[in-house]
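File shown: start-v4.pdb. Contents: PDB, C-alpha atoms, pLDDT in the B column.
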```pdb
ATOM      1  CA  MET A1018     120.241  11.589-126.316  1.00 81.00           C
ATOM      2  CA  LYS A1019     119.321  14.350-128.733  1.00 96.00           C
ATOM      3  CA  THR A1020     115.723  15.598-128.823  1.00 95.00           C
ATOM      4  CA  VAL A1021     114.229  15.881-132.310  1.00 96.00           C
ATOM      5  CA  ASN A1022     110.765  17.078-131.312  1.00 97.00           C
ATOM      6  CA  GLU A1023     108.907  18.134-128.204  1.00 97.00           C
ATOM      7  CA  MET A1024     105.479  19.270-127.046  1.00 98.00           C
ATOM      8  CA  LYS A1025     103.853  20.814-123.992  1.00 98.00           C
ATOM      9  CA  LEU A1026     100.254  20.634-122.884  1.00 98.00           C
ATOM     10  CA  CYS A1027      98.538  22.001-119.799  1.00 98.00           C
ATOM     11  CA  VAL A1028      94.943  21.032-119.031  1.00 98.00           C
ATOM     12  CA  PRO A1029      92.583  21.374-116.068  1.00 98.00           C
ATOM     13  CA  SER A1030      92.127  18.240-113.951  1.00 97.00           C
ATOM     14  CA  LYS A1031      88.763  17.308-115.440  1.00 96.00           C
ATOM     15  CA  GLY A1032      87.798  13.818-116.525  1.00 93.00           C
ATOM     16  CA  CYS A1033      87.053  14.943-120.077  1.00 95.00           C
ATOM     17  CA  ASN A1034      90.694  15.966-120.489  1.00 96.00           C
ATOM     18  CA  GLU A1035      91.975  12.402-120.006  1.00 96.00           C
ATOM     19  CA  ALA A1036      90.843  11.453-123.528  1.00 96.00           C
ATOM     20  CA  PHE A1037      92.112  14.762-124.887  1.00 97.00           C
ATOM     21  CA  ALA A1038      95.592  14.227-123.398  1.00 97.00           C
ATOM     22  CA  ARG A1039      95.690  10.684-124.780  1.00 96.00           C
ATOM     23  CA  SER A1040      94.750  11.966-128.239  1.00 97.00           C
ATOM     24  CA  VAL A1041      97.356  14.740-128.198  1.00 97.00           C
ATOM     25  CA  VAL A1042     100.135  12.316-127.259  1.00 97.00           C
ATOM     26  CA  SER A1043      98.950   9.923-129.998  1.00 97.00           C
ATOM     27  CA  ALA A1044      99.078  12.675-132.598  1.00 97.00           C
ATOM     28  CA  PHE A1045     102.505  13.746-131.330  1.00 98.00           C
ATOM     29  CA  ILE A1046     104.094  10.338-131.989  1.00 97.00           C
ATOM     30  CA  MET A1047     102.385   9.612-135.324  1.00 96.00           C
ATOM     31  CA  ASN A1048     105.395  10.718-137.402  1.00 94.00           C
ATOM     32  CA  LEU A1049     107.293   7.748-135.871  1.00 96.00           C
ATOM     33  CA  ASP A1050     104.838   5.406-137.620  1.00 96.00           C
ATOM     34  CA  PRO A1051     104.013   3.381-134.498  1.00 97.00           C
ATOM     35  CA  THR A1052     102.317   0.007-134.733  1.00 96.00           C
ATOM     36  CA  VAL A1053      98.758  -0.257-133.462  1.00 96.00           C
ATOM     37  CA  ASN A1054     100.100  -2.005-130.345  1.00 96.00           C
ATOM     38  CA  GLU A1055     102.738   0.665-129.662  1.00 96.00           C
ATOM     39  CA  LEU A1056     100.162   3.421-130.066  1.00 96.00           C
ATOM     40  CA  SER A1057      97.642   1.634-127.869  1.00 96.00           C
ATOM     41  CA  ASP A1058     100.249   0.936-125.179  1.00 96.00           C
ATOM     42  CA  LEU A1059     101.311   4.554-124.907  1.00 97.00           C
ATOM     43  CA  LYS A1060      97.732   5.838-124.991  1.00 96.00           C
ATOM     44  CA  THR A1061      96.792   3.494-122.150  1.00 95.00           C
ATOM     45  CA  ALA A1062      99.788   4.490-120.032  1.00 96.00           C
ATOM     46  CA  VAL A1063      99.068   8.206-120.554  1.00 97.00           C
ATOM     47  CA  SER A1064      95.419   7.625-119.693  1.00 95.00           C
ATOM     48  CA  GLU A1065      96.379   5.933-116.418  1.00 92.00           C
ATOM     49  CA  ALA A1066      98.827   8.687-115.453  1.00 95.00           C
ATOM     50  CA  VAL A1067      96.363  11.495-116.189  1.00 96.00           C
ATOM     51  CA  THR A1068      93.592   9.661-114.347  1.00 92.00           C
ATOM     52  CA  ASN A1069      95.911   9.319-111.334  1.00 91.00           C
ATOM     53  CA  CYS A1070      96.400  13.103-111.352  1.00 94.00           C
ATOM     54  CA  ILE A1071      92.655  13.705-111.440  1.00 93.00           C
ATOM     55  CA  VAL A1072      91.552  11.058-108.923  1.00 87.00           C
ATOM     56  CA  HIS A1073      94.472  10.876-106.508  1.00 87.00           C
ATOM     57  CA  GLY A1074      96.574  14.005-107.046  1.00 90.00           C
ATOM     58  CA  TYR A1075      93.819  16.564-106.775  1.00 94.00           C
ATOM     59  CA  ARG A1076      91.173  14.502-104.941  1.00 85.00           C
ATOM     60  CA  ARG A1077      88.046  16.245-106.167  1.00 81.00           C
ATOM     61  CA  GLN A1078      89.737  19.644-106.264  1.00 90.00           C
ATOM     62  CA  SER A1079      90.681  21.658-109.303  1.00 92.00           C
ATOM     63  CA  GLY A1080      94.233  21.849-110.512  1.00 97.00           C
ATOM     64  CA  MET A1081      96.334  21.720-113.646  1.00 98.00           C
ATOM     65  CA  ILE A1082      97.969  18.726-115.291  1.00 98.00           C
ATOM     66  CA  TYR A1083     101.213  19.394-117.159  1.00 98.00           C
ATOM     67  CA  ILE A1084     102.215  17.047-119.965  1.00 98.00           C
ATOM     68  CA  ASN A1085     105.554  17.313-121.728  1.00 98.00           C
ATOM     69  CA  GLY A1086     106.625  15.061-124.557  1.00 98.00           C
ATOM     70  CA  LYS A1087     109.964  14.478-126.226  1.00 98.00           C
ATOM     71  CA  ILE A1088     111.080  12.300-129.099  1.00 98.00           C
ATOM     72  CA  THR A1089     114.769  11.435-129.337  1.00 97.00           C
ATOM     73  CA  VAL A1090     116.844  10.456-132.364  1.00 95.00           C
ATOM     74  CA  GLU A1091     116.603   6.852-131.114  1.00 94.00           C
ATOM     75  CA  ASN A1092     112.777   6.976-131.513  1.00 95.00           C
ATOM     76  CA  LYS A1093     112.399   7.039-127.743  1.00 97.00           C
ATOM     77  CA  VAL A1094     109.240   8.774-126.617  1.00 98.00           C
ATOM     78  CA  ILE A1095     109.467  10.389-123.185  1.00 98.00           C
ATOM     79  CA  ILE A1096     106.187  11.645-121.748  1.00 98.00           C
ATOM     80  CA  THR A1097     106.194  13.468-118.410  1.00 98.00           C
ATOM     81  CA  ILE A1098     102.871  13.959-116.634  1.00 98.00           C
ATOM     82  CA  ARG A1099     102.895  16.201-113.568  1.00 98.00           C
ATOM     83  CA  ASP A1100     100.406  17.551-111.072  1.00 97.00           C
ATOM     84  CA  LYS A1101     100.786  19.925-108.147  1.00 97.00           C
ATOM     85  CA  GLY A1102      98.398  17.982-105.971  1.00 95.00           C
ATOM     86  CA  CYS A1103      98.681  16.211-102.638  1.00 93.00           C
ATOM     87  CA  GLY A1104     101.679  14.073-103.562  1.00 93.00           C
ATOM     88  CA  ILE A1105     102.424  10.488-102.585  1.00 89.00           C
ATOM     89  CA  PRO A1106     103.896   9.863 -99.130  1.00 87.00           C
ATOM     90  CA  ASN A1107     105.264   6.405-100.061  1.00 84.00           C
ATOM     91  CA  VAL A1108     105.898   5.931-103.802  1.00 83.00           C
ATOM     92  CA  LYS A1109     107.144   2.360-103.384  1.00 86.00           C
ATOM     93  CA  LYS A1110     103.901   1.372-101.621  1.00 77.00           C
ATOM     94  CA  ALA A1111     101.761   3.262-104.145  1.00 79.00           C
ATOM     95  CA  MET A1112     103.361   1.309-106.988  1.00 77.00           C
ATOM     96  CA  GLU A1113     102.380  -2.040-105.487  1.00 76.00           C
ATOM     97  CA  PRO A1114      99.590  -3.719-107.480  1.00 70.00           C
ATOM     98  CA  LEU A1115      96.155  -3.385-105.832  1.00 66.00           C
ATOM     99  CA  PHE A1116      97.189  -0.477-103.572  1.00 67.00           C
ATOM    100  CA  THR A1117      94.788   2.458-103.796  1.00 67.00           C
ATOM    101  CA  THR A1118      94.136   5.602-101.826  1.00 63.00           C
ATOM    102  CA  ALA A1119      90.550   5.694-103.114  1.00 61.00           C
ATOM    103  CA  PRO A1120      88.936   2.332-102.249  1.00 60.00           C
ATOM    104  CA  GLU A1121      85.578   4.047-101.712  1.00 61.00           C
ATOM    105  CA  GLU A1122      85.595   4.881-105.428  1.00 60.00           C
ATOM    106  CA  GLU A1123      86.121   1.206-106.299  1.00 60.00           C
ATOM    107  CA  ARG A1124      89.604   1.824-107.701  1.00 60.00           C
ATOM    108  CA  ALA A1125      91.565  -1.330-108.539  1.00 59.00           C
ATOM    109  CA  GLY A1126      94.988   0.045-107.623  1.00 61.00           C
ATOM    110  CA  LEU A1127      96.541  -1.085-110.902  1.00 70.00           C
ATOM    111  CA  GLY A1128      97.429   2.255-112.499  1.00 76.00           C
ATOM    112  CA  PHE A1129     101.201   2.078-112.009  1.00 85.00           C
ATOM    113  CA  ALA A1130     101.261  -1.644-112.863  1.00 86.00           C
ATOM    114  CA  VAL A1131      99.462  -0.894-116.133  1.00 89.00           C
ATOM    115  CA  MET A1132     101.896   1.922-116.951  1.00 91.00           C
ATOM    116  CA  GLN A1133     104.850  -0.379-116.268  1.00 92.00           C
ATOM    117  CA  SER A1134     103.446  -3.164-118.427  1.00 92.00           C
ATOM    118  CA  PHE A1135     102.987  -0.865-121.439  1.00 95.00           C
ATOM    119  CA  CYS A1136     106.178   1.202-121.250  1.00 96.00           C
ATOM    120  CA  ASP A1137     109.869   0.402-121.370  1.00 96.00           C
ATOM    121  CA  LYS A1138     110.485   2.505-118.265  1.00 97.00           C
ATOM    122  CA  VAL A1139     108.338   4.309-115.684  1.00 96.00           C
ATOM    123  CA  ARG A1140     109.719   6.709-113.080  1.00 96.00           C
ATOM    124  CA  VAL A1141     107.676   8.314-110.312  1.00 95.00           C
ATOM    125  CA  ARG A1142     108.803  11.256-108.201  1.00 96.00           C
ATOM    126  CA  SER A1143     106.562  12.729-105.569  1.00 94.00           C
ATOM    127  CA  LYS A1144     106.598  14.969-102.553  1.00 95.00           C
ATOM    128  CA  PRO A1145     103.679  15.277-100.145  1.00 93.00           C
ATOM    129  CA  ASP A1146     101.782  18.549-100.599  1.00 93.00           C
ATOM    130  CA  SER A1147     103.827  19.393-103.721  1.00 95.00           C
ATOM    131  CA  GLY A1148     102.645  16.936-106.359  1.00 96.00           C
ATOM    132  CA  THR A1149     103.746  13.990-108.427  1.00 96.00           C
ATOM    133  CA  THR A1150     105.662  13.550-111.669  1.00 97.00           C
ATOM    134  CA  VAL A1151     105.365  10.375-113.726  1.00 97.00           C
ATOM    135  CA  THR A1152     107.800   9.851-116.589  1.00 97.00           C
ATOM    136  CA  LEU A1153     106.907   7.256-119.228  1.00 98.00           C
ATOM    137  CA  GLU A1154     109.466   6.037-121.755  1.00 97.00           C
ATOM    138  CA  LYS A1155     108.761   3.884-124.785  1.00 97.00           C
ATOM    139  CA  ILE A1156     110.907   3.132-127.798  1.00 96.00           C
ATOM    140  CA  ILE A1157     108.833   3.124-130.969  1.00 96.00           C
ATOM    141  CA  GLY A1158     109.894   0.620-133.614  1.00 89.00           C
ATOM    142  CA  SER A1159     111.269  -1.970-131.253  1.00 64.00           C
ATOM    143  CA  GLU A1160     108.523  -4.557-131.782  1.00 56.00           C
ATOM    144  CA  ASN A1161     110.611  -7.338-133.309  1.00 48.00           C
ATOM    145  CA  ASP A1162     112.246  -4.776-135.581  1.00 45.00           C
ATOM    146  CA  ARG A1163     108.906  -4.685-137.363  1.00 42.00           C
TER     147      ARG A1163
END
```

What would the structure in this file look like if it were written as structure tokens?
Amino acid sequence: MKTVNEMKLCVPSKGCNEAFARSVVSAFIMNLDPTVNELSDLKTAVSEAVTNCIVHGYRRQSGMIYINGKITVENKVIITIRDKGCGIPNVKKAMEPLFTTAPEEERAGLGFAVMQSFCDKVRVRSKPDSGTTVTLEKIIGSENDR
């Protein structure tokens, strides 16, 4: 799987940077000529992953969010979003719909479910006290061969 383009972004874990990260990833994939649905899907998944870093990873503390993007010759977009926050003790449980570690903030617990519904593949790696890495994969151009 040969990489034809890549990007790196590092932003503080502030709410205003969620929209910025989403916009950067959108601009990054524009040369693939994504459909409106493909673009919207990836933007939503990135938004959920970055929000998870801010709300759950750093839990009201400051930290950095690292976003790496790759585009392969197969038009596969691979976006990796990583924090160095508190980590997830049980990834399988955290990925269950409606599970949240922040019920007092009226969180729905659907972040991972949303990411999975909008991407071809979602991988989550985490270690308590070391952070979490979410990898989103989406093939652009696969919508009924356009």

Find the distance between CA of Cys1070 in chain A and CA of Asn1022 in chain A and write it in Å to one decimal.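 Computing it gives 24.9 Å between the two atoms.
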
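Our summary of the geometry notes that CA of Lys1093 in chain A is positioned 28.3 Å from CA of Ser1147 in chain A.
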
Check which residues satisfy the PyMOL selection byres ((chain A and resi 1066) around 9) in the file shown, then give them as a PyMOL selection string. chain A and resi 1061-1065+1067-1071+1098-1099+1128-1129+1132+1151

Have a look at A:Val1131, A:Ala1036, A:Leu1026, A:Leu1049 and name the one nearest to Thr1089 in chain A; count all atoms listed in the file. A:Leu1049

List as a PyMOL selection string the protein and nucleic acid residues near Asp1146 in chain A, meaning an atom at most 10 Å away when only C-alpha atoms are counted, but skip any in the same chain fewer than 3 places from it. chain A and resi 1074+1101-1106+1143+1149

For CA of Lys1019 in chain A and CA of Ile1088 in chain A, determine how far apart the two atoms are, in Å to one decimal place. 8.5 Å

Output check: residues returned by the PyMOL selection byres ((chain A and resi 1023-1025) around 12), as a JSON list (two decimals) with C-alpha atoms, keeping the file's coordinate frame:
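Now in part01.json:
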```
[["chain", "number", "residue", "atom", "x", "y", "z"],
["A", 1019, "LYS", "CA", 119.32, 14.35, -128.73],
["A", 1020, "THR", "CA", 115.72, 15.60, -128.82],
["A", 1021, "VAL", "CA", 114.23, 15.88, -132.31],
["A", 1022, "ASN", "CA", 110.76, 17.08, -131.31],
["A", 1026, "LEU", "CA", 100.25, 20.63, -122.88],
["A", 1027, "CYS", "CA", 98.54, 22.00, -119.80],
["A", 1028, "VAL", "CA", 94.94, 21.03, -119.03],
["A", 1038, "ALA", "CA", 95.59, 14.23, -123.40],
["A", 1041, "VAL", "CA", 97.36, 14.74, -128.20],
["A", 1042, "VAL", "CA", 100.14, 12.32, -127.26],
["A", 1043, "SER", "CA", 98.95, 9.92, -130.00],
["A", 1044, "ALA", "CA", 99.08, 12.68, -132.60],
["A", 1045, "PHE", "CA", 102.50, 13.75, -131.33],
["A", 1046, "ILE", "CA", 104.09, 10.34, -131.99],
["A", 1082, "ILE", "CA", 97.97, 18.73, -115.29],
["A", 1083, "TYR", "CA", 101.21, 19.39, -117.16],
["A", 1084, "ILE", "CA", 102.22, 17.05, -119.96],
["A", 1085, "ASN", "CA", 105.55, 17.31, -121.73],
["A", 1086, "GLY", "CA", 106.62, 15.06, -124.56],
["A", 1087, "LYS", "CA", 109.96, 14.48, -126.23],
["A", 1088, "ILE", "CA", 111.08, 12.30, -129.10],
["A", 1089, "THR", "CA", 114.77, 11.44, -129.34],
["A", 1090, "VAL", "CA", 116.84, 10.46, -132.36],
["A", 1093, "LYS", "CA", 112.40, 7.04, -127.74],
["A", 1094, "VAL", "CA", 109.24, 8.77, -126.62],
["A", 1095, "ILE", "CA", 109.47, 10.39, -123.18],
["A", 1096, "ILE", "CA", 106.19, 11.64, -121.75],
["A", 1097, "THR", "CA", 106.19, 13.47, -118.41],
["A", 1098, "ILE", "CA", 102.87, 13.96, -116.63],
["A", 1099, "ARG", "CA", 102.90, 16.20, -113.57]]
```

Excluding Lys1138 in chain A and residues on its chain fewer than 2 positions from it, collect all residues at most 7 Å away from it, counting all atoms listed in the file, and give them as a ChimeraX atom specification. /A:1133,1136,1140,1153-1155

Output C-alpha atoms for every residue in the selection just made, as a PDB file, keeping the file's coordinate frame.
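Final output, again-v6.pdb:
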```
ATOM      1  CA  GLN A1133     104.850  -0.379-116.268  1.00 92.00           C
ATOM      2  CA  CYS A1136     106.178   1.202-121.250  1.00 96.00           C
ATOM      3  CA  ARG A1140     109.719   6.709-113.080  1.00 96.00           C
ATOM      4  CA  LEU A1153     106.907   7.256-119.228  1.00 98.00           C
ATOM      5  CA  GLU A1154     109.466   6.037-121.755  1.00 97.00           C
ATOM      6  CA  LYS A1155     108.761   3.884-124.785  1.00 97.00           C
TER       7      LYS A1155
END
```

So, with only C-alpha atoms as the atoms that count, which of A:Lys1144, A:Phe1135, A:Glu1091, A:Gln1078 lies closest to Ser1057 in chain A?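 The answer is A:Phe1135, which sits nearest to Ser1057 in chain A.
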
Quick one: of A:Pro1051, A:Pro1114, A:Gly1080, A:Gly1158, who's nearest to Ser1134 in chain A, counting only C-alpha atoms?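 Of the candidates, the smallest distance to Ser1134 in chain A is held by A:Pro1114.
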
Using all atoms listed in the file, which residue out of A:Asn1092, A:Asp1100, A:Val1139, A:Pro1029 lies closest to Asn1048 in chain A? A:Asn1092
